[in-house]
Amino acid sequence: GTFTDVYAEIPVAPYFMVMKLLSVDPANYDDAPREGIRRILEKVGGKPIPKDNVPTENIEWIRMGTTVATNALLERKGVRVALVTNKNFGDLLQIGNQARPHIFDLQIRKPSLLYERSVEVDERVILSPDKTDSNNERVQGLTGEWVEILKKPDIDQIKKQLQEVYDSGIHSLAVVLMHSYTFPDHERVIGEAARAIGFSQVSLSSELMPMVKIVPRGQTSCVDAYLTPLITDYVKGFMKGFSGPVQVSFMMSDGGLCPVDHFRGFRSILSGPAGGVVGYSITTYNDPALTGSGPNAKKQPVIGFDMGGTSTDVSRYAGNFEHVFDTEIAGVTIQAPQLDISTVAAGGGSRLFFQTGLFVVGPESAGAHPGPVCYRKGGHLTITDANLVLGRLLPEYFPKIFGKTEDQALDKEATMAEMEKLGTHINAYLSSHSQSTMTVDEVAYGFVRVANEAMCRPIRNITEAKGYDAASHVLACFGGAGGQHACAIARNLGMKSIFIHRFSGILSAYGLGLADTVAELQEPCATNYSKDNLGSVMERLNNLTERASTDLRKQGFQEAQIHVEQYLNLRYEGTDTSIMTRLPDEKGEYGGDASKAFAAQYMREYGFIIQGRPVRVDDIRVRAIGTCTSVKSLQVPDAKGEPKPSTHADTYFHPGGRQRTPVYMLSDLGGGNKIPGPAIIIDQTSTIVVEPSCSAYITVPEGNVLITLDELGHKDIGTTVDPIQLSVFTHRFMSIAEQMGRTLQRTSISTNIKERLDFSCALFGPDGGLVANAPHLPVHLGSMQEAVKWQINYLGKDWKKGEVLVANHPAAGGSHLPDITVITPVWHGGEAVFYVASRGHHADIGGMTPGSMPPFSHTLAEEGAAIKSFKLVRDGEFQEKGVREILAKSRNLEDNISDLRAQVAANRKGIVLMEELIGHYGLDVVQAYMHHVQANAELAVRDMLVELSVKHKLAEVDHLHSVDYMDDGTPIVLKLTIDRKSRTATFDFTGTGPEVYGNTNAPMAVTTSAVIYCLRCLVRREIPLNQGCLNPIDIIVPENSILRPHDTAGVVGGNVLTSQRVTDVILSAFRAAAPSQGCMNNLTFGDERVGYYETIAGGAGAGPTWDGAHAVQVHMTNTRITDAEVLERRYRVMLQEYAVRRGSGGVGAHPGGDGVIREIEFLKPYTVSILSERRSFAPPGLQGGGEALRGHNLLLTHDGRVISLGGKNSVDVGRGDRIRILTPGGGGYGHKEGKD
């Protein structure tokens, strides 16, 4: 990071030394960690030591955590890499899961690639059934699955390809082939050839992490190839400055140490923060001051809160380190065991903004350069500045390293001047809206409050969203900035205790001294967990155990120092959610039965278990731990009398205002000292603010800081809008919708909801108006509130407490039938005061074809079960019998039932959180802020309309026009009227074509969703997304048109096709972006037993200042694609090609994005359906930009015929037939030079 922290254990009093120095200071040293070691040895030894020849005879060991790899990944400064993969899959990692990072950004910014070029090799294997009539060579893979070898690699040809890469200057290689997790032979052959040519780094995916899913495994191998050479060079540079050999270990992302020669790029990403997690986990969880002692000792789970300059990391510890195995970092998915750390972009350097009545903190950061205003570099106002204004940071105790001479203190005067300037701007707004003005202190404190709420959201997500009570945890605070916010964070979450280690400012360094060395091994598996198979599984586990233990013995560990944890990665058959389950002790409660331990953990995580389903073993894993020598626990003297402050500060608190606050030096405090709040405690590396109604205690004998919080009553705030509380409630409402979504994803079973994330959750007011919608699927945005309002009007007083409604009918606010909505009231005082709802896409609900997306439906009845209103839960009882009758024709009824239960559970989560919020603030306040949040969104949209009107030089009342066509020629016509005086707009779709005899009719709710999505995109900053966005908007849609069809009309395509066209028409009218691919390319296949559904990416439209993105989901959808290996493992198909369709985007000053090519071969008979658009009319350009290429759907039969399927078709295929889908590109924006 910005600073390098060093903790040293030394043989003379005080037996430790702490040092903090700039990580980069080339004028004084070339390596910060080595320089820190040198300075400590010099101080302890009393003799000068040269910077490039540090003696090692007095060093027992060095342990390091580094952000070298993390920074290189974030800044894309790794080495040059080439990717080797299968023929036709060179773009697979570029396409990734096809989702765009931020759904409301019209300028889609996909993360840049780690590899510079790809090498496609003509090699292919597929998974084979146990019995087959194929004559191809078959071998049994590592998982036990049979692998059929279709094409062996031509090694001579590959050598030519690799030599060309090597000669171009690329010497690092990542290799990933389909199904290499179970059949690594071909990757190894390529690796040997590459090393023979001279490649210095060859990262084989099958060796790094042999887990199914080619995209994350491939990205992991790229990360390793990209970063490992950097780490190797760094280690060489570090080591060359020592006079002799020394034992060096590095912290890995999983919280374990490894020898320096084992340290790899893909295991290094969390090396920096991992030490802090180990540090707080071991010190806090085991501290007698918290647990008590003797037989009554009780350990509390701990939340780690690490607040740095640009972000805050949170994690949880309850006796075991919690690991994840599939994590996205810097836009790259990494498959490797990593500590489960959640990050939010709110830290000391987070910038402060006031936007349309809303206090906003981050996500932009001032960074180290220019940094906060107080850093004397012409920086920006940040949270650090706000704490300085409030007297919570004291310049006289902060390192004097600022200014041109790097010897000046923090500049409080400059910070005050900038905060006063921002306060003047805020007060001008408040005065113009008849609101009370604010002092500079109140402004600064407001930003701190908002930052605190932002940092509470990830804590709620790792506790409440997983079934844990946040209030039952201890908050372990560390990092340079955390101590200033700890009391407020704990109070917001209902926590009673805060633990701050005496070395909290350098805990990531101190934690290295508490860590153990770890050797991990993992192998894939594919078998049922059963008595028949358990013997072979245990044999493999024991073999891995011996290999990992041998690795530790070679490092010098004795048998008594080694213990091994054995794991099975288990999941229910037919689901994608696996749990890494530790093999239980035979004498414990599960009697050594991993399936029982798995079921118990599944119940705790998801709230249910799936009866009657076999449990599958996906992977076997061992974690061998070598217990290391830990740093000694140091003791402080007991207190001698009452503590005496070093000085007093003038510090602002709320309530109470400015208070004379005693300041203590931690080094002056003894064990047993008690310090009532308000107070400030300062040590060498951090500042701790003890707020009023809190008290600090210096623990005996280690001298840590334990803060306890007194009980406070309910928040006493009024119903009149307060800009600080407005921001806080915006966070709280959104957090509730997010936690509902996490609950739904966790508790659902189907691939559509759990993996493709085809769902949305939202909170609604008593009138059904949208209050908060988590950023899930845009096509659900406005339509869900129509569904809630319809049920309120339809049922009236007949909606009783304990009843949950389910509906999917377009006339009842539905989008199309597969999207089923579950709605539950939040009751208070005998009235429904809020509503929560969840909508999920169910894989099948009957209808003409498997997947319930029939291309040729003409009426709603042909598309599946239609539900206007059914009481899914009555008197608290789930009405399973009634649901089974309604969905009797579903081809996957059990998954329907399970997912509906999950939706009920998600709603229940929302209700519990709303009840807590109402209990905390009172119903009147919560409902008042519901209206305030909606009014704020309304204001943001009104401001945007005026800005756009002026930007386009429109008259005070003026019109914009746009028209586009469906493939059948039906026009979508928009006359957009913007009235600057009333700050309103009318979206008039008069002239749009009539209802069609087909299924591209779109219910009114879909058009509402498109409008609200476009408005949110055009605001171009974070605003609460709710009913308020539509208050200044009038939407006119002619009856009996394609956008307002009859109740019985077919609509399955309207939600997924027409919605995209409406979006393109609106954005074109605003001249905001050229049309995108205008389609979701809905592909389904299946038979009477199985069904599969996917939507396929295409090109995004370009904009006034940006090029369109390639191969990405656009506008009204953002669902993920099923990984290629999972697709082939689950269904009898083979993915032949998945690539960017180069040249398919429109030309222009800014070209449109390219679509994709996706070709699937079927290995058994299926019914295949395609529902798509832009096959007749190409996506047009805008403002002179060129049109994109249209899409094509082709059937390639096994006997060589090529048949065009048109845009919508359904066909029975046999073995060897293929479907080839070429998706449209996006339109270009602006004239390309030299072209019309």
# chains A, B, ... in the order shown; residues from 1 in each chain; ligands from 1
$ select_by_dssp --residues "region 731-931 of chain A" --states "helix (DSSP H, G or I)" --output "PyMOL selection string"
chain A and resi 731-747+751-754+778-780+783-798+810-812+860-863+880-886+893-921+923-931
$ select_by_dssp --residues "region 829-898 of chain A" --states "strand (DSSP E or B)" --output "PyMOL selection string"
chain A and resi 831-841+859+870-874+877-878
$ residues_around --residues "region 809-812 of chain A" --least-positions-apart "4" --cutoff "9 Å" --atoms "only C-alpha atoms" --output "list of chain:residue names"
A:Glu786, A:Ala787, A:Val788, A:Lys789, A:Trp790, A:Gln791, A:His816, A:Leu817, A:Ile820, A:Leu860, A:Ala865, A:Ala866, A:Ile867, A:Lys868, A:Ser869, A:Ala1002, A:Pro1003, A:Met1004, A:Ala1005, A:His1046, A:Asp1047, A:Thr1048, A:Val1051
$ write_last_selection --atoms "C-alpha atoms" --output "short mmCIF file (atom, residue, chain, number, x, y, z; two decimals), in the first residue's frame"
data_model
loop_
_atom_site.label_atom_id
_atom_site.label_comp_id
_atom_site.auth_asym_id
_atom_site.auth_seq_id
_atom_site.Cartn_x
_atom_site.Cartn_y
_atom_site.Cartn_z
CA GLU A 786 -47.46 -2.44 -11.39
CA ALA A 787 -47.84 -6.01 -10.11
CA VAL A 788 -47.96 -4.87 -6.48
CA LYS A 789 -50.46 -2.08 -7.20
CA TRP A 790 -52.69 -4.47 -9.16
CA GLN A 791 -52.89 -6.92 -6.24
CA HIS A 816 -44.11 -12.62 -19.27
CA LEU A 817 -45.28 -15.89 -17.73
CA ILE A 820 -43.27 -15.24 -11.37
CA LEU A 860 -51.15 -16.37 -23.61
CA ALA A 865 -49.63 -21.32 -16.63
CA ALA A 866 -51.06 -17.82 -16.11
CA ILE A 867 -51.74 -16.68 -12.52
CA LYS A 868 -53.59 -13.41 -11.85
CA SER A 869 -53.75 -13.81 -8.09
CA ALA A 1002 -45.33 -6.20 -24.55
CA PRO A 1003 -47.53 -5.52 -21.53
CA MET A 1004 -47.71 -1.89 -20.41
CA ALA A 1005 -45.51 -2.74 -17.43
CA HIS A 1046 -55.29 -7.52 -24.96
CA ASP A 1047 -55.11 -9.70 -21.84
CA THR A 1048 -55.13 -12.90 -23.92
CA VAL A 1051 -46.34 -11.82 -24.75
#
$ residues_around --residues "Glu1125 (chain A)" --least-positions-apart "6" --cutoff "8 Å" --atoms "only C-alpha atoms" --output "number ranges by chain"
A: 178-179, 212-214
$ residues_around --residues "region 130-144 of chain A" --least-positions-apart "4" --cutoff "12 Å" --atoms "only C-alpha atoms" --output "compact mmCIF listing (two decimals) with N, CA, C and O atoms, in the first residue's frame"
# COMPACT_ATOMS: atom_id res chain seq x y z
N ARG A 124 -9.56 -31.25 -28.83
CA ARG A 124 -10.89 -31.27 -28.22
C ARG A 124 -11.16 -32.60 -27.57
O ARG A 124 -10.90 -33.67 -28.14
N VAL A 125 -11.69 -32.53 -26.35
CA VAL A 125 -12.22 -33.71 -25.68
C VAL A 125 -13.61 -33.34 -25.17
O VAL A 125 -13.94 -32.17 -24.98
N ILE A 126 -14.44 -34.36 -24.98
CA ILE A 126 -15.75 -34.13 -24.37
C ILE A 126 -15.98 -35.20 -23.31
O ILE A 126 -15.32 -36.24 -23.31
N GLU A 148 -13.91 -38.58 -23.84
CA GLU A 148 -13.75 -39.02 -25.21
C GLU A 148 -12.82 -38.05 -25.95
O GLU A 148 -13.06 -36.84 -25.97
N ILE A 149 -11.77 -38.56 -26.52
CA ILE A 149 -10.77 -37.72 -27.19
C ILE A 149 -11.16 -37.59 -28.66
O ILE A 149 -11.06 -38.54 -29.44
N LEU A 150 -11.61 -36.40 -29.02
CA LEU A 150 -12.03 -36.16 -30.40
C LEU A 150 -10.85 -35.73 -31.28
O LEU A 150 -10.78 -36.09 -32.46
N LYS A 151 -9.93 -34.96 -30.71
CA LYS A 151 -8.81 -34.44 -31.49
C LYS A 151 -7.61 -34.25 -30.58
O LYS A 151 -7.65 -33.45 -29.65
N LYS A 152 -6.53 -34.98 -30.83
CA LYS A 152 -5.31 -34.79 -30.07
C LYS A 152 -4.56 -33.58 -30.61
O LYS A 152 -4.63 -33.28 -31.80
N HIS A 179 -12.21 -29.11 -20.24
CA HIS A 179 -12.25 -30.31 -19.40
C HIS A 179 -10.87 -30.75 -18.92
O HIS A 179 -10.69 -31.91 -18.52
N SER A 180 -9.91 -29.82 -18.90
CA SER A 180 -8.59 -30.20 -18.40
C SER A 180 -8.60 -30.41 -16.89
O SER A 180 -7.64 -30.97 -16.35
N TYR A 181 -9.66 -29.97 -16.19
CA TYR A 181 -9.75 -30.24 -14.76
C TYR A 181 -9.78 -31.74 -14.48
O TYR A 181 -9.30 -32.20 -13.45
N THR A 182 -10.34 -32.51 -15.42
CA THR A 182 -10.39 -33.97 -15.23
C THR A 182 -9.43 -34.70 -16.15
O THR A 182 -9.00 -35.81 -15.87
N PHE A 183 -9.03 -34.06 -17.28
CA PHE A 183 -8.11 -34.68 -18.24
C PHE A 183 -7.00 -33.67 -18.56
O PHE A 183 -7.09 -32.91 -19.53
N PRO A 184 -5.93 -33.65 -17.75
CA PRO A 184 -4.88 -32.63 -17.89
C PRO A 184 -3.79 -32.98 -18.91
O PRO A 184 -2.89 -32.17 -19.13
N ASP A 185 -3.84 -34.16 -19.51
CA ASP A 185 -2.72 -34.65 -20.32
C ASP A 185 -2.33 -33.69 -21.44
O ASP A 185 -1.15 -33.42 -21.67
N SER A 206 -4.86 -26.74 -15.20
CA SER A 206 -5.11 -28.02 -14.54
C SER A 206 -4.20 -28.23 -13.34
O SER A 206 -4.53 -29.02 -12.44
N PRO A 210 -7.62 -27.42 -10.30
CA PRO A 210 -8.40 -28.30 -11.19
C PRO A 210 -9.87 -28.39 -10.78
O PRO A 210 -10.33 -29.42 -10.28
N MET A 211 -10.61 -27.30 -11.01
CA MET A 211 -12.04 -27.27 -10.73
C MET A 211 -12.80 -27.01 -12.02
O MET A 211 -12.31 -26.32 -12.92
N VAL A 212 -14.02 -27.56 -12.10
CA VAL A 212 -14.85 -27.37 -13.28
C VAL A 212 -15.19 -25.88 -13.43
O VAL A 212 -15.26 -25.16 -12.46
N GLN A 522 -5.72 -30.05 -3.90
CA GLN A 522 -7.11 -30.27 -4.27
C GLN A 522 -7.16 -31.04 -5.58
O GLN A 522 -6.35 -30.84 -6.47
N GLU A 523 -8.14 -31.93 -5.67
CA GLU A 523 -8.38 -32.69 -6.90
C GLU A 523 -9.87 -32.69 -7.20
O GLU A 523 -10.69 -32.66 -6.28
N PRO A 524 -10.22 -32.76 -8.49
CA PRO A 524 -11.64 -32.82 -8.84
C PRO A 524 -12.19 -34.22 -8.60
O PRO A 524 -11.45 -35.21 -8.54
N CYS A 525 -13.50 -34.28 -8.48
CA CYS A 525 -14.18 -35.56 -8.28
C CYS A 525 -15.55 -35.46 -8.93
O CYS A 525 -16.04 -34.36 -9.20
N ALA A 526 -16.17 -36.56 -9.21
CA ALA A 526 -17.52 -36.56 -9.79
C ALA A 526 -18.20 -37.86 -9.43
O ALA A 526 -18.35 -38.76 -10.26
N THR A 527 -18.60 -37.95 -8.17
CA THR A 527 -19.23 -39.18 -7.71
C THR A 527 -20.26 -38.85 -6.65
O THR A 527 -20.24 -37.76 -6.06
N ASN A 528 -21.19 -39.75 -6.43
CA ASN A 528 -22.16 -39.58 -5.35
C ASN A 528 -21.50 -39.89 -4.01
O ASN A 528 -20.62 -40.76 -3.91
N ASN A 533 -19.17 -45.59 -2.56
CA ASN A 533 -18.09 -44.77 -3.10
C ASN A 533 -17.16 -44.20 -2.04
O ASN A 533 -16.11 -43.66 -2.38
N SER A 536 -13.26 -45.23 -1.92
CA SER A 536 -12.35 -44.65 -2.91
C SER A 536 -12.12 -43.17 -2.64
O SER A 536 -11.01 -42.65 -2.85
N VAL A 537 -13.18 -42.48 -2.19
CA VAL A 537 -13.02 -41.05 -1.87
C VAL A 537 -12.04 -40.87 -0.72
O VAL A 537 -11.14 -40.02 -0.76
N ARG A 540 -8.42 -41.41 -1.76
CA ARG A 540 -7.85 -40.24 -2.43
C ARG A 540 -7.55 -39.12 -1.42
O ARG A 540 -6.52 -38.44 -1.53
N ARG A 616 -23.60 -34.96 -4.30
CA ARG A 616 -22.47 -35.17 -5.20
C ARG A 616 -21.18 -34.63 -4.58
O ARG A 616 -21.18 -33.60 -3.90
N VAL A 617 -20.08 -35.33 -4.84
CA VAL A 617 -18.75 -34.86 -4.44
C VAL A 617 -18.09 -34.25 -5.68
O VAL A 617 -17.79 -34.96 -6.64
N ASP A 618 -17.89 -32.93 -5.65
CA ASP A 618 -17.27 -32.24 -6.79
C ASP A 618 -15.76 -32.17 -6.69
O ASP A 618 -15.06 -32.20 -7.71
N ASP A 619 -15.25 -32.02 -5.46
CA ASP A 619 -13.81 -31.89 -5.26
C ASP A 619 -13.43 -32.50 -3.92
O ASP A 619 -14.25 -32.55 -2.99
N ILE A 620 -12.18 -32.93 -3.83
CA ILE A 620 -11.61 -33.33 -2.54
C ILE A 620 -10.42 -32.42 -2.27
O ILE A 620 -9.67 -32.05 -3.17
N LEU A 1163 -25.81 -33.82 -29.11
CA LEU A 1163 -25.34 -35.20 -29.10
C LEU A 1163 -26.46 -36.19 -28.82
O LEU A 1163 -26.21 -37.37 -28.67
N LYS A 1164 -27.70 -35.69 -28.76
CA LYS A 1164 -28.89 -36.53 -28.63
C LYS A 1164 -30.08 -35.72 -29.12
O LYS A 1164 -29.98 -34.49 -29.28
$ closest_residue --among "A:Leu1025, A:Val1062, A:Ala594, A:Ile1203" --to "Ile1042 (chain A)" --atoms "only C-alpha atoms"
A:Val1062
$ closest_atom_pairs --of "region 688-741 of chain A" --to "region 750-774 of chain A" --cutoff "6 Å" --atoms "only C-alpha atoms" --output "CSV"
residue,atom,partner,partner_atom,distance
A:Phe733,CA,A:Ala772,CA,5.9
A:Met734,CA,A:Ala772,CA,5.5
A:Ala737,CA,A:Ala762,CA,5.1
A:Glu738,CA,A:Ala774,CA,5.3
A:Gly741,CA,A:Cys761,CA,5.6
$ write_last_selection --atoms "N, CA and C atoms" --output "PDB file, in the first residue's frame"
ATOM      1  N   PHE A 733     -32.739   1.472   2.783  1.00  0.00           N
ATOM      2  CA  PHE A 733     -33.746   0.870   1.899  1.00  0.00           C
ATOM      3  C   PHE A 733     -33.075  -0.018   0.855  1.00  0.00           C
ATOM      4  N   MET A 734     -31.981   0.473   0.252  1.00  0.00           N
ATOM      5  CA  MET A 734     -31.299  -0.316  -0.767  1.00  0.00           C
ATOM      6  C   MET A 734     -30.681  -1.575  -0.167  1.00  0.00           C
ATOM      7  N   ALA A 737     -33.289  -4.331   0.056  1.00  0.00           N
ATOM      8  CA  ALA A 737     -33.533  -4.989  -1.232  1.00  0.00           C
ATOM      9  C   ALA A 737     -32.366  -5.888  -1.614  1.00  0.00           C
ATOM     10  N   GLU A 738     -31.134  -5.450  -1.330  1.00  0.00           N
ATOM     11  CA  GLU A 738     -29.955  -6.271  -1.642  1.00  0.00           C
ATOM     12  C   GLU A 738     -29.955  -7.558  -0.825  1.00  0.00           C
ATOM     13  N   GLY A 741     -32.272 -10.032  -2.162  1.00  0.00           N
ATOM     14  CA  GLY A 741     -31.699 -10.682  -3.340  1.00  0.00           C
ATOM     15  C   GLY A 741     -30.697 -11.754  -2.977  1.00  0.00           C
TER      16      GLY A 741
END
$ closest_residue --among "A:Gln684, A:Thr356, A:Gln1136, A:Leu1189" --to "Asp122 (chain A)" --atoms "only C-alpha atoms"
A:Gln1136
$ atom_distance --atom1 "CA of Leu872 (chain A)" --atom2 "CA of Pro1045 (chain A)"
27.5 Å
$ atom_distance --atom1 "CA of Phe354 (chain A)" --atom2 "CA of Ile426 (chain A)"
6.9 Å
$ residues_around --residues "Gly511 (chain A)" --least-positions-apart "5" --cutoff "12 Å" --atoms "only C-alpha atoms" --output "ChimeraX atom specification"
/A:5-8,63-65,251,255-257,271-284,478,501,503-506,516,630-633
$ closest_residue --among "A:Tyr590, A:Tyr166, A:Tyr1138, A:Tyr429" --to "Val81 (chain A)" --atoms "only C-alpha atoms"
A:Tyr166
$ atom_distance --atom1 "CA of Asn320 (chain A)" --atom2 "CA of Lys299 (chain A)"
12.4 Å
$ residues_around --residues "Arg109 (chain A)" --least-positions-apart "5" --cutoff "10 Å" --atoms "only C-alpha atoms" --output "compact mmCIF listing (two decimals) with N, CA, C and O atoms, in the first residue's frame"
# COMPACT_ATOMS: atom_id res chain seq x y z
N ARG A 100 -22.53 -7.15 -17.89
CA ARG A 100 -21.82 -5.89 -17.82
C ARG A 100 -21.65 -5.48 -16.36
O ARG A 100 -22.50 -5.79 -15.52
N PRO A 101 -20.57 -4.77 -16.03
CA PRO A 101 -20.28 -4.50 -14.62
C PRO A 101 -21.30 -3.62 -13.92
O PRO A 101 -21.63 -3.85 -12.76
N HIS A 102 -21.79 -2.58 -14.61
CA HIS A 102 -22.71 -1.62 -13.99
C HIS A 102 -23.91 -1.43 -14.91
O HIS A 102 -23.77 -0.91 -16.02
N TRP A 1106 -17.93 7.54 -26.59
CA TRP A 1106 -17.38 6.21 -26.34
C TRP A 1106 -17.74 5.23 -27.45
O TRP A 1106 -18.73 5.39 -28.15
N ASP A 1107 -16.89 4.21 -27.57
CA ASP A 1107 -17.15 3.10 -28.48
C ASP A 1107 -18.07 2.10 -27.79
O ASP A 1107 -18.03 1.94 -26.56
N GLY A 1108 -18.87 1.40 -28.58
CA GLY A 1108 -19.73 0.37 -28.02
C GLY A 1108 -18.90 -0.84 -27.57
O GLY A 1108 -17.89 -1.18 -28.18
N ALA A 1109 -19.35 -1.49 -26.51
CA ALA A 1109 -18.64 -2.67 -25.98
C ALA A 1109 -19.00 -3.90 -26.81
O ALA A 1109 -20.11 -4.03 -27.33
$ closest_residue --among "A:Arg117, A:Gln561, A:Asn542, A:Thr437" --to "Leu583 (chain A)" --atoms "only C-alpha atoms"
A:Asn542
$ closest_residue --among "A:Asp551, A:Asp650, A:Glu894, A:Asp1064" --to "Gly612 (chain A)" --atoms "only C-alpha atoms"
A:Glu894
$ closest_residue --among "A:Ile978, A:Val332, A:Ile823, A:Ile10" --to "Ile911 (chain A)" --atoms "only C-alpha atoms"
A:Ile823
$ decode --residues "region 137-149 of chain A" --atoms "N, CA, C and O atoms" --output "PDB file, in the first residue's frame"
ATOM      1  N   GLU A 137     -11.136 -42.777 -29.010  1.00  0.00           N
ATOM      2  CA  GLU A 137     -10.431 -43.206 -27.806  1.00  0.00           C
ATOM      3  C   GLU A 137     -11.104 -42.617 -26.574  1.00  0.00           C
ATOM      4  O   GLU A 137     -11.470 -41.451 -26.558  1.00  0.00           O
ATOM      5  N   ARG A 138     -11.265 -43.449 -25.542  1.00  0.00           N
ATOM      6  CA  ARG A 138     -11.875 -42.996 -24.297  1.00  0.00           C
ATOM      7  C   ARG A 138     -10.948 -43.321 -23.135  1.00  0.00           C
ATOM      8  O   ARG A 138     -10.350 -44.385 -23.082  1.00  0.00           O
ATOM      9  N   VAL A 139     -10.824 -42.341 -22.203  1.00  0.00           N
ATOM     10  CA  VAL A 139     -10.022 -42.570 -21.006  1.00  0.00           C
ATOM     11  C   VAL A 139     -10.831 -42.096 -19.810  1.00  0.00           C
ATOM     12  O   VAL A 139     -11.741 -41.271 -19.946  1.00  0.00           O
ATOM     13  N   GLN A 140     -10.484 -42.615 -18.634  1.00  0.00           N
ATOM     14  CA  GLN A 140     -11.176 -42.180 -17.427  1.00  0.00           C
ATOM     15  C   GLN A 140     -10.402 -41.009 -16.811  1.00  0.00           C
ATOM     16  O   GLN A 140      -9.195 -41.091 -16.580  1.00  0.00           O
ATOM     17  N   GLY A 141     -11.110 -39.914 -16.572  1.00  0.00           N
ATOM     18  CA  GLY A 141     -10.473 -38.719 -16.045  1.00  0.00           C
ATOM     19  C   GLY A 141     -10.255 -38.797 -14.547  1.00  0.00           C
ATOM     20  O   GLY A 141     -10.637 -39.774 -13.885  1.00  0.00           O
ATOM     21  N   LEU A 142      -9.626 -37.762 -14.002  1.00  0.00           N
ATOM     22  CA  LEU A 142      -9.336 -37.721 -12.577  1.00  0.00           C
ATOM     23  C   LEU A 142     -10.601 -37.773 -11.736  1.00  0.00           C
ATOM     24  O   LEU A 142     -10.584 -38.250 -10.603  1.00  0.00           O
ATOM     25  N   THR A 143     -11.711 -37.299 -12.279  1.00  0.00           N
ATOM     26  CA  THR A 143     -12.971 -37.278 -11.535  1.00  0.00           C
ATOM     27  C   THR A 143     -13.687 -38.616 -11.554  1.00  0.00           C
ATOM     28  O   THR A 143     -14.678 -38.800 -10.853  1.00  0.00           O
ATOM     29  N   GLY A 144     -13.210 -39.523 -12.396  1.00  0.00           N
ATOM     30  CA  GLY A 144     -13.924 -40.781 -12.614  1.00  0.00           C
ATOM     31  C   GLY A 144     -14.831 -40.738 -13.816  1.00  0.00           C
ATOM     32  O   GLY A 144     -15.372 -41.771 -14.246  1.00  0.00           O
ATOM     33  N   GLU A 145     -15.027 -39.545 -14.386  1.00  0.00           N
ATOM     34  CA  GLU A 145     -15.851 -39.417 -15.585  1.00  0.00           C
ATOM     35  C   GLU A 145     -15.068 -39.916 -16.802  1.00  0.00           C
ATOM     36  O   GLU A 145     -13.842 -39.792 -16.872  1.00  0.00           O
ATOM     37  N   TRP A 146     -15.811 -40.451 -17.781  1.00  0.00           N
ATOM     38  CA  TRP A 146     -15.185 -40.890 -19.019  1.00  0.00           C
ATOM     39  C   TRP A 146     -15.009 -39.702 -19.951  1.00  0.00           C
ATOM     40  O   TRP A 146     -15.892 -38.861 -20.090  1.00  0.00           O
ATOM     41  N   VAL A 147     -13.837 -39.636 -20.551  1.00  0.00           N
ATOM     42  CA  VAL A 147     -13.486 -38.549 -21.464  1.00  0.00           C
ATOM     43  C   VAL A 147     -13.232 -39.138 -22.846  1.00  0.00           C
ATOM     44  O   VAL A 147     -12.468 -40.098 -22.996  1.00  0.00           O
ATOM     45  N   GLU A 148     -13.912 -38.577 -23.838  1.00  0.00           N
ATOM     46  CA  GLU A 148     -13.749 -39.022 -25.214  1.00  0.00           C
ATOM     47  C   GLU A 148     -12.824 -38.051 -25.946  1.00  0.00           C
ATOM     48  O   GLU A 148     -13.063 -36.842 -25.969  1.00  0.00           O
ATOM     49  N   ILE A 149     -11.766 -38.564 -26.519  1.00  0.00           N
ATOM     50  CA  ILE A 149     -10.771 -37.720 -27.193  1.00  0.00           C
ATOM     51  C   ILE A 149     -11.157 -37.590 -28.663  1.00  0.00           C
ATOM     52  O   ILE A 149     -11.055 -38.542 -29.436  1.00  0.00           O
TER      53      ILE A 149
END
